[in-house]
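Here is the structure we will look at.
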Amino acid sequence: RVTKSFSNRKVVKIDPGTAFGTGSHPTTRLCLEALERESLAGKSVADLGCGSGILSLTALALGASKLFAIDTDSHAVHSTMNNFLLNDFEQDSLKVLHGSIENLQSHLNSEKVDLLLCNILLPVIKDLSPGFAQILKSDGTALLSGIFLDQIPELTDFLNNLGWKVNNSWVKSNWGLIEISRT
């Protein structure tokens with residue numbers, strides 16, 4: 001039974017299989033809540049470390065027109081594709097790729113996205129972040145999660161040195177999400 005306050009929410013069907021992303025982890029919930037605050041109509045989105053595809057599919061359900069989901073784990077790629085097929089989205093609205101940020105850059109072929117999603121642990125975010133500018137439009141934003149609260153200052157300093165600024169942050173349990181854009 002859906003309560004009245006949630007009756008306008010989009011339903012996304014997910015079978016996570018062995019991939020991360022059921023929606024119950026605090027970082028995933030932070031990302032889902034952040035996506036609900038975004039104006040996604042007609043926007044292009046990249047999901048680095050897509051896991052089950054829950055963030056990608058939610059972005060599509062909220063109006064994103066083009067999604068690029070990528071993961072280094074072949075099980076995650078398979079899970080994202082299967083979950084895409086469980087839902088009723090335009091067939092050409094999602095590209096699922098195996099690999100990392102370099103594969104995404106190559107696939108985008110100098111095209112850039114409006115929004116970047118990255119719900120991965122701090123060391124991986126730091127490794128990937130030098131490539132963010134090559135995939136994100138100059139006026140785009142990135143939502144980064146998978147970060148413990150005490151890691152936010154370290155990541156903020158690291159990103160500032162790369163020309164990014166933190167616009168906002170949100171907290172759930174001992175986890176955080178930051179929104180960044182170019183300075």
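Just so we're on the same page: first chain in the structure tokens is A, next is B, and so on; residues restart at 1 for each chain, and ligands are numbered from 1 in the order they show up.
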Test item: residues at most 12 Å from A:Ile70, only C-alpha atoms, excluding those fewer than 2 positions along its chain, as a PyMOL selection string: chain A and resi 45-53+55-56+67-68+72-81+94-105+107-108+116-119
Contacts between stretch 158-176 of chain A and stretch 101-141 of chain A, please, where a residue of stretch 101-141 of chain A counts if it comes within 8 Å (with only C-alpha atoms); show its shortest atom pair and distance in Å to one decimal, rows by chain and ascending number, as a tab-separated table.
```
residue	atom	partner	partner_atom	distance
A:Lys126	CA	A:Phe158	CA	7.6
A:Ser129	CA	A:Leu159	CA	7.5
A:Pro130	CA	A:Leu162	CA	7.0
```
Which of A:Gln134, A:Val113, A:Ala34, A:Thr28 sits closest to A:Ala69 [using only C-alpha atoms]: A:Val113
DSSP alpha helix (DSSP H) residues within stretch 57-131 of chain A, listed as a ChimeraX atom specification: /A:57-61,74-86,101-108,122-128
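Our summary of the geometry notes that atom CA of A:Leu57 is positioned 23.4 Å from atom CA of A:Gly131.
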Straight-line distance linking atom CA of A:Leu136 with atom CA of A:Ile180, stated in Å to one decimal: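 For atom CA of A:Leu136 relative to atom CA of A:Ile180, the distance reads 11.0 Å.
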Those of stretch 59-115 of chain A in DSSP strand (DSSP E), formatted as a ChimeraX atom specification: /A:66-71,94-98,113-115
Give me a file of those residues, with N, CA and C atoms, as a PDB file, in the first residue's frame.
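Just written: part.pdb:
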```
ATOM      1  N   LYS A  66      19.303  10.556 -21.577  1.00  0.00           N
ATOM      2  CA  LYS A  66      20.379   9.663 -21.995  1.00  0.00           C
ATOM      3  C   LYS A  66      21.213   9.306 -20.787  1.00  0.00           C
ATOM      4  N   LEU A  67      21.465   8.018 -20.627  1.00  0.00           N
ATOM      5  CA  LEU A  67      22.221   7.511 -19.486  1.00  0.00           C
ATOM      6  C   LEU A  67      23.365   6.650 -19.967  1.00  0.00           C
ATOM      7  N   PHE A  68      24.536   6.868 -19.378  1.00  0.00           N
ATOM      8  CA  PHE A  68      25.708   6.044 -19.623  1.00  0.00           C
ATOM      9  C   PHE A  68      26.076   5.404 -18.296  1.00  0.00           C
ATOM     10  N   ALA A  69      25.904   4.102 -18.189  1.00  0.00           N
ATOM     11  CA  ALA A  69      26.209   3.361 -16.958  1.00  0.00           C
ATOM     12  C   ALA A  69      27.450   2.526 -17.211  1.00  0.00           C
ATOM     13  N   ILE A  70      28.399   2.585 -16.288  1.00  0.00           N
ATOM     14  CA  ILE A  70      29.645   1.864 -16.493  1.00  0.00           C
ATOM     15  C   ILE A  70      30.131   1.275 -15.178  1.00  0.00           C
ATOM     16  N   ASP A  71      30.713   0.088 -15.260  1.00  0.00           N
ATOM     17  CA  ASP A  71      31.255  -0.571 -14.080  1.00  0.00           C
ATOM     18  C   ASP A  71      32.402  -1.474 -14.515  1.00  0.00           C
ATOM     19  N   LEU A  94      19.681   4.126 -22.613  1.00  0.00           N
ATOM     20  CA  LEU A  94      20.742   3.665 -21.725  1.00  0.00           C
ATOM     21  C   LEU A  94      21.824   2.929 -22.501  1.00  0.00           C
ATOM     22  N   LYS A  95      23.067   3.315 -22.256  1.00  0.00           N
ATOM     23  CA  LYS A  95      24.230   2.586 -22.758  1.00  0.00           C
ATOM     24  C   LYS A  95      24.934   2.022 -21.539  1.00  0.00           C
ATOM     25  N   VAL A  96      25.103   0.712 -21.498  1.00  0.00           N
ATOM     26  CA  VAL A  96      25.801   0.056 -20.391  1.00  0.00           C
ATOM     27  C   VAL A  96      27.161  -0.385 -20.896  1.00  0.00           C
ATOM     28  N   LEU A  97      28.197   0.032 -20.184  1.00  0.00           N
ATOM     29  CA  LEU A  97      29.561  -0.219 -20.606  1.00  0.00           C
ATOM     30  C   LEU A  97      30.355  -0.951 -19.529  1.00  0.00           C
ATOM     31  N   HIS A  98      31.283  -1.771 -19.966  1.00  0.00           N
ATOM     32  CA  HIS A  98      32.190  -2.453 -19.045  1.00  0.00           C
ATOM     33  C   HIS A  98      33.508  -1.689 -19.068  1.00  0.00           C
ATOM     34  N   VAL A 113      28.451  15.043 -20.391  1.00  0.00           N
ATOM     35  CA  VAL A 113      27.156  14.853 -19.736  1.00  0.00           C
ATOM     36  C   VAL A 113      26.861  16.011 -18.781  1.00  0.00           C
ATOM     37  N   ASP A 114      25.575  16.142 -18.443  1.00  0.00           N
ATOM     38  CA  ASP A 114      25.116  17.191 -17.529  1.00  0.00           C
ATOM     39  C   ASP A 114      25.328  16.820 -16.066  1.00  0.00           C
ATOM     40  N   LEU A 115      25.220  15.531 -15.762  1.00  0.00           N
ATOM     41  CA  LEU A 115      25.294  15.078 -14.378  1.00  0.00           C
ATOM     42  C   LEU A 115      26.123  13.806 -14.302  1.00  0.00           C
TER      43      LEU A 115
END
```
Atomic separation - atom CA of A:Glu154 relative to atom CA of A:Ile54, Å: 27.4 Å
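Residues lying within 9 Å of A:Thr27, counting only C-alpha atoms and ignoring same-chain neighbours fewer than 2 positions away, are A:Gly23, A:Ser24, A:His25, A:Arg29, A:Leu30, A:Cys31, A:Leu32, A:Asn119, A:Ile120, A:Ser145, A:Gly146, A:Ile147, A:Val171, A:Lys172, A:Trp175, A:Gly176, A:Leu177.
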Which of A:Pro26, A:Glu36, A:Phe132, A:Arg182 sits closest to A:Phe148 [using only C-alpha atoms]: A:Pro26
